[in-house]
>>> print(open('entry.txt').read())   # compact mmCIF, C-alpha atoms
# COMPACT_ATOMS: atom_id res chain seq x y z
CA MET A 174 0.00 0.00 0.00
CA THR A 175 1.33 3.32 -0.91
CA THR A 176 1.55 5.76 1.94
CA ARG A 177 -0.12 9.05 1.33
CA ARG A 178 0.10 12.19 3.34
CA PRO A 179 -3.14 13.56 4.84
CA SER A 180 -3.26 16.34 2.28
CA GLN A 181 -2.92 13.79 -0.54
CA ARG A 182 -5.63 11.68 1.00
CA LEU A 183 -7.86 14.71 1.22
CA LEU A 184 -7.37 15.51 -2.47
CA ALA A 185 -8.00 11.89 -3.34
CA ALA A 186 -11.16 11.92 -1.28
CA ILE A 187 -12.42 15.06 -2.99
CA TRP A 188 -11.66 13.56 -6.37
CA ALA A 189 -13.45 10.34 -5.46
CA ASP A 190 -16.42 12.30 -4.21
CA GLN A 191 -16.65 14.30 -7.40
CA MET A 192 -16.44 11.16 -9.50
CA ALA A 193 -19.15 9.53 -7.41
CA GLY A 194 -21.29 12.62 -7.85
CA HIS A 195 -21.10 12.28 -11.65
CA HIS A 196 -22.40 8.72 -11.54
CA ALA A 197 -25.03 9.37 -8.90
CA ASP A 198 -28.26 11.20 -9.12
CA GLY A 199 -27.59 14.72 -10.27
CA ALA A 200 -30.27 16.12 -7.99
CA VAL A 201 -28.23 15.37 -4.91
CA ALA A 202 -26.34 18.43 -3.81
CA PRO A 203 -22.67 17.86 -3.15
CA PRO A 204 -21.81 17.74 0.53
CA THR A 205 -20.29 20.76 2.16
CA TYR A 206 -16.97 20.25 3.79
CA ASP A 207 -15.99 21.40 7.23
CA TYR A 208 -12.31 20.71 7.22
CA THR A 209 -10.50 21.27 10.44
CA TRP A 210 -6.80 21.52 11.08
CA VAL A 211 -4.96 18.35 11.91
CA ASN A 212 -1.20 18.46 11.87
CA GLN A 213 -1.27 21.65 9.86
CA VAL A 214 -3.23 20.23 6.96
CA PRO A 215 -6.94 20.65 6.47
CA PHE A 216 -8.23 17.19 7.29
CA ALA A 217 -11.41 16.03 8.96
CA TYR A 218 -10.74 12.79 10.71
CA ALA A 219 -13.15 10.00 11.51
CA GLY A 220 -12.26 7.38 14.08
CA SER A 221 -14.15 4.15 14.64
CA VAL A 222 -15.52 3.56 18.09
CA ALA A 223 -18.82 1.82 17.73
CA THR A 224 -17.70 -1.43 16.20
CA SER A 225 -14.49 -3.30 16.15
CA GLY A 226 -12.69 -3.46 12.87
CA THR A 227 -12.78 -6.36 10.47
CA ALA A 228 -10.68 -7.29 7.52
CA ASP A 229 -12.91 -5.23 5.28
CA THR A 230 -13.38 -2.33 7.58
CA PRO A 231 -10.23 -1.85 9.61
CA ASP A 232 -10.24 0.38 12.62
CA ILE A 233 -8.71 3.77 12.04
CA PRO A 234 -6.28 4.49 14.84
CA ASP A 235 -5.82 7.84 16.43
CA ALA A 236 -4.08 10.41 14.31
CA PRO A 237 -0.50 10.95 15.43
CA SER A 238 0.05 14.15 17.32
CA THR A 239 3.44 14.94 15.87
CA PRO A 240 3.99 15.59 12.17
CA GLY A 241 6.32 13.14 10.55
CA LYS A 242 5.97 10.67 13.42
CA GLU A 243 3.32 8.44 11.88
CA ASP A 244 3.87 4.94 13.06
CA ALA A 245 3.65 1.90 10.84
CA THR A 246 0.26 0.88 12.18
CA TYR A 247 -1.23 4.21 11.29
CA ARG A 248 0.21 4.17 7.81
CA ASP A 249 -0.85 0.61 7.11
CA THR A 250 -4.40 0.89 8.34
CA VAL A 251 -5.46 4.26 6.98
CA PRO A 252 -7.19 3.59 3.68
CA ASP A 253 -6.04 5.31 0.56
CA LEU A 254 -9.41 6.74 -0.40
CA LEU A 255 -11.72 8.50 1.98
CA VAL A 256 -15.02 10.02 1.09
CA PRO A 257 -16.72 12.78 3.02
CA VAL A 258 -19.90 11.99 4.93
CA GLY A 259 -21.23 15.10 6.58
CA ASP A 260 -18.09 16.73 7.79
CA VAL A 261 -15.98 13.63 8.27
CA LEU A 262 -14.05 11.34 5.94
CA VAL A 263 -14.71 7.63 5.94
CA PRO A 264 -13.23 4.77 3.87
CA VAL A 265 -14.69 4.14 0.44
CA GLY A 266 -17.51 1.59 0.63
CA GLU A 267 -18.47 2.44 4.17
CA GLU A 268 -20.24 5.67 3.45
CA GLN A 269 -23.66 3.96 3.29
CA ASP A 270 -23.16 2.52 6.76
CA THR A 271 -21.91 5.70 8.26
CA VAL A 272 -23.87 8.38 9.96
CA GLN A 273 -22.55 11.28 11.89
CA VAL A 274 -23.26 11.31 15.60
CA THR A 275 -21.92 13.28 18.46
CA ASP A 276 -19.59 11.87 21.10
CA ASP A 277 -22.38 11.32 23.59
CA GLU A 278 -24.54 9.63 21.00
CA ALA A 279 -21.69 7.36 19.98
CA VAL A 280 -21.17 6.21 23.52
CA GLN A 281 -24.89 5.72 23.91
CA LYS A 282 -25.15 3.64 20.75
CA LYS A 283 -22.23 1.53 21.82
CA GLU A 284 -23.85 0.85 25.16
CA HIS A 285 -27.05 -0.23 23.49
CA GLY A 286 -25.20 -2.59 21.18
CA HIS A 287 -26.19 -1.21 17.82
CA GLN A 288 -24.68 -3.21 15.03
CA ARG A 289 -24.62 -0.41 12.52
CA ARG A 290 -21.27 1.17 12.10
CA ARG A 291 -21.02 4.53 13.73
CA VAL A 292 -18.28 7.02 13.72
CA ARG A 293 -17.36 9.56 16.28
CA VAL A 294 -16.37 12.90 14.98
CA ARG A 295 -13.11 14.06 16.36
CA ARG A 296 -12.63 17.74 15.92
CA TYR A 297 -9.29 19.42 16.08
CA HIS A 298 -10.25 23.01 16.50
CA ARG A 299 -6.85 24.13 17.68
CA ARG A 300 -3.72 24.14 15.61
CA PRO A 301 -0.77 22.39 17.20
CA ALA A 302 1.22 24.41 19.71
CA ARG A 303 3.92 26.49 18.12
CA GLY A 304 6.62 24.70 20.04
CA THR A 305 5.70 21.31 18.67
CA VAL A 306 6.43 22.20 15.05
CA LEU A 307 10.18 21.98 15.65
CA SER A 308 11.40 19.98 18.59
CA PRO A 309 14.01 21.59 20.86
CA ALA A 310 16.62 19.09 19.74
CA ARG A 311 15.93 19.92 16.11
CA MET A 312 16.06 23.64 16.76
CA THR A 313 19.40 23.11 18.52
CA ARG A 314 20.73 21.20 15.52
CA ILE A 315 19.66 24.02 13.25
CA ALA A 316 21.32 26.53 15.56
CA VAL A 317 24.57 24.56 15.53
CA SER A 318 24.47 24.42 11.74
CA ILE A 319 23.96 28.19 11.62
CA VAL A 320 26.92 28.78 13.92
CA GLY A 321 29.23 26.97 11.55
CA GLN A 322 32.50 25.13 11.93
CA LYS A 323 34.29 27.92 13.77
CA ARG A 324 32.16 27.48 16.87
CA SER A 325 31.04 23.91 16.40
CA GLU A 326 31.89 23.08 20.00
CA VAL A 327 28.80 24.94 21.18
CA GLY A 328 26.78 21.94 20.04
CA ASP A 329 27.87 19.90 23.05
CA GLU A 330 27.36 22.88 25.31
CA TRP A 331 23.83 23.50 24.12
CA ARG A 332 22.91 19.82 24.22
CA SER A 333 24.07 19.66 27.83
CA HIS A 334 21.95 22.74 28.51
CA LEU A 335 18.89 21.04 27.06
CA PHE A 336 19.63 17.89 29.04
CA GLY A 337 19.63 19.81 32.30
CA GLU A 338 20.67 18.39 35.61
CA PRO A 339 20.51 14.61 36.03
CA GLY A 340 17.18 13.80 37.65
CA ARG A 341 15.98 17.39 37.22
CA GLY A 342 15.64 17.89 33.52
CA LEU A 343 14.12 20.92 31.87
CA SER A 344 10.43 20.96 31.15
CA ARG A 345 9.32 20.93 27.55
CA ARG A 346 8.48 24.62 27.70
CA ASP A 347 11.88 25.52 29.11
CA GLN A 348 13.57 23.39 26.47
CA VAL A 349 11.71 25.21 23.70
CA ARG A 350 12.65 28.57 25.22
CA ALA A 351 16.27 27.53 25.53
CA ALA A 352 16.34 26.24 21.96
CA ARG A 353 14.94 29.52 20.68
CA GLY A 354 17.71 31.24 22.58
CA PHE A 355 20.24 28.99 20.89
CA LEU A 356 18.88 30.03 17.52
CA TRP A 357 19.15 33.68 18.46
CA SER A 358 22.67 33.14 19.80
CA ALA A 359 23.66 31.37 16.62
CA VAL A 360 22.44 34.26 14.49
CA ARG A 361 24.32 36.74 16.68
CA PHE A 362 27.49 34.64 16.51
CA ARG A 363 27.23 34.47 12.76
CA LEU A 364 26.69 38.21 12.42
CA GLN A 365 29.63 38.82 14.74
CA ASP A 366 31.84 36.57 12.61
CA ALA A 367 30.71 38.36 9.45
CA ALA A 368 31.45 41.74 11.03
CA ASP A 369 34.90 40.57 12.12
CA LEU A 370 35.58 39.37 8.59
CA ALA A 371 34.52 42.72 7.16
CA TRP A 372 36.72 44.64 9.61
CA ARG A 373 39.79 42.54 8.86
CA PRO A 374 41.15 44.62 5.92
CA VAL A 375 40.39 47.83 7.79
CA ASP A 376 42.24 46.55 10.86
CA ALA A 377 45.17 45.61 8.66
CA VAL A 378 45.42 49.20 7.40
CA LEU A 379 44.95 50.66 10.86
CA GLY A 380 47.54 48.39 12.46
CA SER A 381 50.36 48.72 9.96
CA ARG A 382 52.63 51.73 9.39
CA THR A 383 53.36 50.68 5.84
CA LEU A 384 49.71 50.33 4.88
CA PHE A 385 48.95 53.56 6.74
CA ASN A 386 51.50 55.47 4.65
CA LEU A 387 50.24 53.84 1.48
CA PHE A 388 46.63 54.67 2.39
CA VAL A 389 47.40 58.35 3.11
CA TRP A 390 50.18 59.19 0.64
CA GLY A 391 48.96 57.07 -2.25
CA PRO A 392 45.81 59.09 -3.03
CA VAL A 393 47.66 62.35 -2.36
CA PHE A 394 50.33 61.37 -4.87
CA VAL A 395 47.70 60.44 -7.46
CA VAL A 396 46.01 63.82 -7.03
CA LEU A 397 49.34 65.61 -7.38
CA LEU A 398 50.03 63.72 -10.60
CA ALA A 399 46.63 64.61 -11.97
CA ILE A 400 47.16 68.29 -11.19
CA VAL A 401 50.55 68.33 -12.87
CA ARG A 402 49.22 66.56 -15.93
CA HIS A 403 46.20 68.83 -16.22
CA ASP A 404 47.54 72.23 -15.17
CA GLY A 405 51.28 71.83 -15.30
CA ARG A 406 53.71 72.53 -12.49
CA TYR A 407 52.11 75.88 -11.79
CA GLY A 408 48.91 74.06 -10.97
CA LEU A 409 50.59 72.72 -7.84
CA VAL A 410 50.78 76.25 -6.53
CA ALA A 411 47.23 77.14 -7.55
CA ASP A 412 45.56 73.91 -6.32
CA ASP A 413 47.75 73.09 -3.37
CA GLN A 414 44.77 73.00 -1.00
CA ASP A 415 43.18 69.97 -2.69
CA PRO A 416 45.89 67.35 -1.99
CA LEU A 417 46.47 68.91 1.41
CA ALA A 418 42.82 68.57 2.37
CA LEU A 419 42.72 65.00 1.08
CA GLY A 420 45.81 64.02 3.06
CA LEU A 421 44.49 65.59 6.25
CA PHE A 422 41.14 63.87 5.82
CA LEU A 423 42.73 60.44 5.35
CA TYR A 424 45.08 61.00 8.26
CA ALA A 425 42.17 61.98 10.53
CA ALA A 426 40.16 58.99 9.35
CA ILE A 427 42.99 56.65 10.28
CA LYS A 428 43.35 58.24 13.70
CA VAL A 429 39.63 58.02 14.42
CA GLY A 430 39.54 54.43 13.17
CA ARG A 431 42.40 53.44 15.44
CA ARG A 432 40.67 54.97 18.41
CA TYR A 433 37.36 53.32 17.55
CA ARG A 434 38.94 49.92 17.02
CA ARG A 435 41.33 50.39 19.95
CA ILE A 436 44.34 49.60 17.83
CA LYS A 437 47.77 50.70 18.93
CA LEU A 438 50.70 50.67 16.60
CA PRO A 439 53.74 48.69 17.68
CA LYS A 440 56.61 50.79 18.93
CA HIS A 441 59.46 51.66 16.60
CA LYS A 442 62.29 49.18 16.68
CA PRO A 443 65.64 50.82 17.45
CA ARG A 444 67.81 50.96 14.38
CA ARG A 445 70.95 48.88 14.41
CA ALA A 446 74.05 50.78 15.15
CA ARG A 447 76.26 50.99 12.13
CA GLU A 448 79.26 48.84 12.54
CA MET B 171 42.24 44.74 17.85
CA SER B 172 42.57 45.05 21.58
CA THR B 173 39.90 43.00 23.32
CA SER B 174 40.72 43.78 26.91
CA ARG B 175 37.84 46.24 27.18
CA ILE B 176 34.25 45.37 26.59
CA ARG B 177 31.03 47.19 27.14
CA VAL B 178 29.89 46.25 30.62
CA THR B 179 26.17 45.66 30.53
CA MET B 180 23.90 44.37 33.24
CA VAL B 181 24.13 40.88 31.76
CA ILE B 182 27.92 41.01 31.95
CA LEU B 183 27.75 42.21 35.54
CA ASP B 184 25.25 39.49 36.47
CA ILE B 185 27.47 36.80 34.95
CA LEU B 186 30.53 38.13 36.73
CA ASP B 187 28.55 38.28 39.99
CA VAL B 188 27.75 34.60 39.69
CA LEU B 189 31.27 33.64 38.66
CA MET B 190 32.78 35.59 41.55
CA SER B 191 30.67 33.67 44.04
CA THR B 192 31.05 30.26 42.41
CA PRO B 193 33.10 27.76 44.42
CA PRO B 194 35.83 25.96 42.47
CA ASP B 195 34.36 22.54 43.21
CA ASP B 196 31.01 23.49 41.66
CA PRO B 197 31.89 25.51 38.58
CA ALA B 198 29.32 27.44 36.59
CA TRP B 199 28.02 26.31 33.23
CA GLY B 200 25.43 27.55 30.78
CA LEU B 201 22.22 26.37 32.38
CA LYS B 202 23.39 27.29 35.86
CA LEU B 203 24.27 30.79 34.71
CA CYS B 204 20.88 31.16 33.02
CA GLU B 205 19.05 30.07 36.15
CA GLN B 206 21.10 32.14 38.57
CA THR B 207 21.12 35.33 36.54
CA GLY B 208 17.55 35.04 35.28
CA HIS B 209 18.56 35.75 31.69
CA GLY B 210 17.73 33.53 28.73
CA SER B 211 20.10 31.43 26.73
CA GLY B 212 19.93 33.88 23.83
CA THR B 213 21.43 36.54 26.09
CA ILE B 214 23.84 34.52 28.18
CA TYR B 215 25.81 32.73 25.49
CA PRO B 216 26.71 35.79 23.39
CA ALA B 217 27.73 37.58 26.59
CA LEU B 218 29.90 34.62 27.58
CA ASP B 219 31.49 34.74 24.16
CA ARG B 220 32.34 38.43 24.60
CA LEU B 221 33.82 37.75 28.02
CA LEU B 222 35.90 34.90 26.60
CA GLN B 223 37.23 37.12 23.83
CA ALA B 224 38.13 39.79 26.37
CA LYS B 225 39.86 37.10 28.45
CA TRP B 226 37.86 38.05 31.51
CA ILE B 227 36.73 34.44 31.87
CA GLU B 228 38.15 31.12 30.80
CA ASP B 229 36.43 27.91 29.86
CA ARG B 230 37.18 24.23 30.17
CA TRP B 231 35.31 21.13 29.16
CA GLU B 232 34.13 18.55 31.62
CA ASP B 233 36.79 15.90 31.88
CA PRO B 234 36.27 13.00 31.69
CA PRO B 235 33.12 13.34 29.61
CA PRO B 236 30.21 11.52 31.24
CA ALA B 237 28.66 8.59 29.45
CA ASP B 238 25.04 9.32 30.24
CA ARG B 239 24.80 12.97 29.19
CA PRO B 240 26.56 15.54 27.01
CA ARG B 241 29.70 17.08 28.46
CA ARG B 242 29.47 20.50 30.01
CA ARG B 243 31.52 23.61 29.39
CA TYR B 244 32.57 25.19 32.65
CA TYR B 245 33.43 28.86 33.06
CA ALA B 246 35.67 30.54 35.62
CA ILE B 247 36.72 34.13 36.09
CA THR B 248 40.34 35.03 35.39
CA ALA B 249 42.60 37.42 37.29
CA ASP B 250 42.00 40.08 34.63
CA GLY B 251 38.28 39.57 34.91
CA ARG B 252 38.40 39.77 38.68
CA ALA B 253 40.33 43.03 38.53
CA ALA B 254 38.00 44.45 35.88
CA TYR B 255 34.95 43.43 37.89
CA GLN B 256 36.28 45.06 41.03
CA GLY B 257 37.07 48.19 39.03
CA VAL B 258 33.59 48.33 37.58
CA VAL B 259 31.95 47.77 40.95
CA ALA B 260 34.14 50.45 42.55
CA ALA B 261 33.29 52.90 39.77
CA ARG B 262 29.60 52.23 40.22
CA ALA B 263 29.86 52.73 43.95
CA ALA B 264 31.72 56.00 43.43
CA ARG B 265 29.05 57.21 41.01
CA ARG B 266 26.31 56.36 43.45
CA THR B 267 28.12 58.10 46.28
CA ALA B 268 28.65 61.20 44.17
CA TRP B 269 25.02 61.19 43.10
CA SER B 270 23.71 60.81 46.64
CA SER B 271 26.03 63.52 47.96
CA ARG B 272 24.88 65.88 45.20
CA ALA B 273 21.28 65.09 46.01
CA LEU B 274 21.87 65.76 49.70
CA ARG B 275 23.53 69.06 48.91
CA ALA B 276 20.64 70.04 46.67
CA GLU B 277 18.16 69.20 49.42
CA GLY B 278 20.19 71.20 51.94
CA ALA B 279 20.32 74.20 49.64
CA ALA B 280 16.59 74.02 49.09
>>> encode(input="entry.txt", output="structure tokens")
Amino acid sequence: MTTRRPSQRLLAAIWADQMAGHHADGAVAPPTYDYTWVNQVPFAYAGSVATSGTADTPDIPDAPSTPGKEDATYRDTVPDLLVPVGDVLVPVGEEQDTVQVTDDEAVQKKEHGHQRRRVRVRRYHRRPARGTVLSPARMTRIAVSIVGQKRSEVGDEWRSHLFGEPGRGLSRRDQVRAARGFLWSAVRFRLQDAADLAWRPVDAVLGSRTLFNLFVWGPVFVVLLAIVRHDGRYGLVADDQDPLALGLFLYAAIKVGRRYRRIKLPKHKPRRARE
Amino acid sequence: MSTSRIRVTMVILDILDVLMSTPPDDPAWGLKLCEQTGHGSGTIYPALDRLLQAKWIEDRWEDPPPADRPRRRYYAITADGRAAYQGVVAARAARRTAWSSRALRAEGAA
């Protein structure tokens, strides 16, 4: 049997219902659907309570509460095609024997031993809790993958955090909160690493005398060359304020950058005495 | 870049408070720091990282690693961190004293 997801089963059920409607009496209005949310897919679920299952009509077990955690029994017993009866879905072929009753009525019918198959409507009015979409362990794994190789050791640290003290583990709610914090920490670590990487060339200029001289005198020299080429040597006298202003600006920028980045240049090495 | 100075926030002070009062035989780790400071994991771990980079605290892994749970990363304050913490606390106390003395003078003048 091929395993279908609830959404696929729903589409299959709708298709089967439409096909049945073409072959049936055209005067019958198509049923209206009241799909509720089960595991984040619109899916009305019918569970058997009134009669025990047979080979032809297997019992439908309870829907799993966690997405992706369907057990083998659930997969093997849920029929491929479901048709809507009222606002529930029942296996194909059982729609004639199915009527919709409330919970109390279902219990009552069971007590009185009715042989007709009944279904109890199980409504899932609430969507799953936000924390159950991603488990804390999974969120932690995602956080560790965001952090990257440079800080991969935080994986053990965060897993030990989630584990808690022996015999006094964290509650599910605390685990989810901690895992969200790990995600936030991972993003901050990553941004910090990116910022450090971006500052690296700037720090190299700020922390080196050679690069400092190149950064200040290089543009000044280029401007001087441009002035000489454009206006001749006399242009140096007329436009002397332009390269001077540029040099002062770059010098001040370097000084401010060093103060901001708290970078101190290494002291001058004493020159060797000439032998 | 010099990393000996960091911006001392309340989270940093809370962490250093805990680390200063932690006995050596029961070192602090992530969950313990979160519970004792009252801050979340998203705040504590980046602050610990800043303190580590500033060399105000040092870390070590639990050795030997236990078989029944993940190993822990323990944190301890360094001599630099202790001196910095005492400096910060002294500066705060001086600011409070100056503020209170100014307030008293203002009340007396009024």
>>> closest_atom_pairs(input="entry.txt", of="region 381-408 of chain A", to="region 427-441 of chain A", cutoff="12 Å", atoms="only C-alpha atoms", output="Markdown table")
| residue | atom | partner | partner_atom | distance |
| --- | --- | --- | --- | --- |
| A:Ser381 | CA | A:Leu438 | CA | 6.9 |
| A:Arg382 | CA | A:Leu438 | CA | 7.5 |
| A:Thr383 | CA | A:Leu438 | CA | 11.1 |
| A:Leu384 | CA | A:Ile427 | CA | 10.7 |
| A:Phe385 | CA | A:Ile427 | CA | 7.6 |
| A:Asn386 | CA | A:Ile427 | CA | 10.3 |
| A:Leu387 | CA | A:Ile427 | CA | 11.7 |
| A:Phe388 | CA | A:Ile427 | CA | 8.9 |
| A:Val389 | CA | A:Ile427 | CA | 8.6 |
>>> interface_residues(input="entry.txt", of="chain A", to="chain B", cutoff="9 Å", atoms="all atoms listed in the file", output="VMD selection string")
chain A and resid 327 329 to 339 350 to 359 361 to 362 376 380 434 to 437
>>> atom_distance(input="entry.txt", atom1="CA of Thr207 (chain B)", atom2="CA of Tyr245 (chain B)")
14.3 Å
>>> atom_distance(input="entry.txt", atom1="CA of Tyr255 (chain B)", atom2="CA of Asp187 (chain B)")
8.5 Å
>>> atom_distance(input="entry.txt", atom1="CA of Arg406 (chain A)", atom2="CA of Phe394 (chain A)")
13.9 Å
>>> closest_residue(input="entry.txt", among="B:Arg230, B:Arg220, B:Arg262, B:Arg275", to="Ile185 (chain B)", atoms="all atoms listed in the file")
B:Arg220
>>> residues_near_point(input="entry.txt", point="(34.8, 35.0, 39.4)", cutoff="8 Å", atoms="all atoms listed in the file", output="list in words")
Leu186, Asp187, Val188, Leu189, Met190, Ser191, Thr192, Ile227, Ala246, Ile247, Thr248, Gly251 and Arg252 of chain B
>>> write_last_selection(input="entry.txt", atoms="C-alpha atoms", output="CSV table (one decimal), keeping the file's coordinate frame")
chain,number,residue,atom,x,y,z
B,186,LEU,CA,30.5,38.1,36.7
B,187,ASP,CA,28.6,38.3,40.0
B,188,VAL,CA,27.8,34.6,39.7
B,189,LEU,CA,31.3,33.6,38.7
B,190,MET,CA,32.8,35.6,41.6
B,191,SER,CA,30.7,33.7,44.0
B,192,THR,CA,31.0,30.3,42.4
B,227,ILE,CA,36.7,34.4,31.9
B,246,ALA,CA,35.7,30.5,35.6
B,247,ILE,CA,36.7,34.1,36.1
B,248,THR,CA,40.3,35.0,35.4
B,251,GLY,CA,38.3,39.6,34.9
B,252,ARG,CA,38.4,39.8,38.7
>>> closest_residue(input="entry.txt", among="B:Ala198, B:Ile176, B:Ala268, B:Val258", to="Gln223 (chain B)", atoms="all atoms listed in the file")
B:Ile176
>>> decode(input="entry.txt", residues="region 207-219 of chain B", atoms="N, CA and C atoms", output="mmCIF file, in the first residue's frame")
data_model
loop_
_atom_site.group_PDB
_atom_site.id
_atom_site.type_symbol
_atom_site.label_atom_id
_atom_site.label_comp_id
_atom_site.auth_asym_id
_atom_site.auth_seq_id
_atom_site.Cartn_x
_atom_site.Cartn_y
_atom_site.Cartn_z
ATOM 1 N N THR B 207 21.209 33.919 36.938
ATOM 2 C CA THR B 207 21.117 35.330 36.540
ATOM 3 C C THR B 207 19.712 35.718 36.114
ATOM 4 N N GLY B 208 18.910 34.734 35.734
ATOM 5 C CA GLY B 208 17.552 35.041 35.283
ATOM 6 C C GLY B 208 17.488 35.475 33.836
ATOM 7 N N HIS B 209 18.567 35.381 33.110
ATOM 8 C CA HIS B 209 18.561 35.755 31.691
ATOM 9 C C HIS B 209 18.411 34.487 30.846
ATOM 10 N N GLY B 210 17.935 34.659 29.631
ATOM 11 C CA GLY B 210 17.727 33.534 28.735
ATOM 12 C C GLY B 210 19.011 33.115 28.043
ATOM 13 N N SER B 211 18.917 31.960 27.400
ATOM 14 C CA SER B 211 20.100 31.432 26.725
ATOM 15 C C SER B 211 20.533 32.320 25.561
ATOM 16 N N GLY B 212 19.572 33.005 24.938
ATOM 17 C CA GLY B 212 19.927 33.882 23.831
ATOM 18 C C GLY B 212 20.697 35.115 24.267
ATOM 19 N N THR B 213 20.679 35.408 25.555
ATOM 20 C CA THR B 213 21.433 36.543 26.086
ATOM 21 C C THR B 213 22.738 36.093 26.717
ATOM 22 N N ILE B 214 22.683 34.960 27.406
ATOM 23 C CA ILE B 214 23.843 34.525 28.181
ATOM 24 C C ILE B 214 24.997 34.087 27.280
ATOM 25 N N TYR B 215 24.706 33.294 26.272
ATOM 26 C CA TYR B 215 25.814 32.726 25.489
ATOM 27 C C TYR B 215 26.578 33.772 24.678
ATOM 28 N N PRO B 216 25.908 34.732 24.027
ATOM 29 C CA PRO B 216 26.712 35.794 23.388
ATOM 30 C C PRO B 216 27.522 36.611 24.386
ATOM 31 N N ALA B 217 26.970 36.840 25.582
ATOM 32 C CA ALA B 217 27.733 37.581 26.594
ATOM 33 C C ALA B 217 28.946 36.768 27.051
ATOM 34 N N LEU B 218 28.766 35.466 27.214
ATOM 35 C CA LEU B 218 29.905 34.618 27.581
ATOM 36 C C LEU B 218 30.976 34.647 26.499
ATOM 37 N N ASP B 219 30.532 34.687 25.263
ATOM 38 C CA ASP B 219 31.492 34.742 24.161
ATOM 39 C C ASP B 219 32.296 36.045 24.201
#
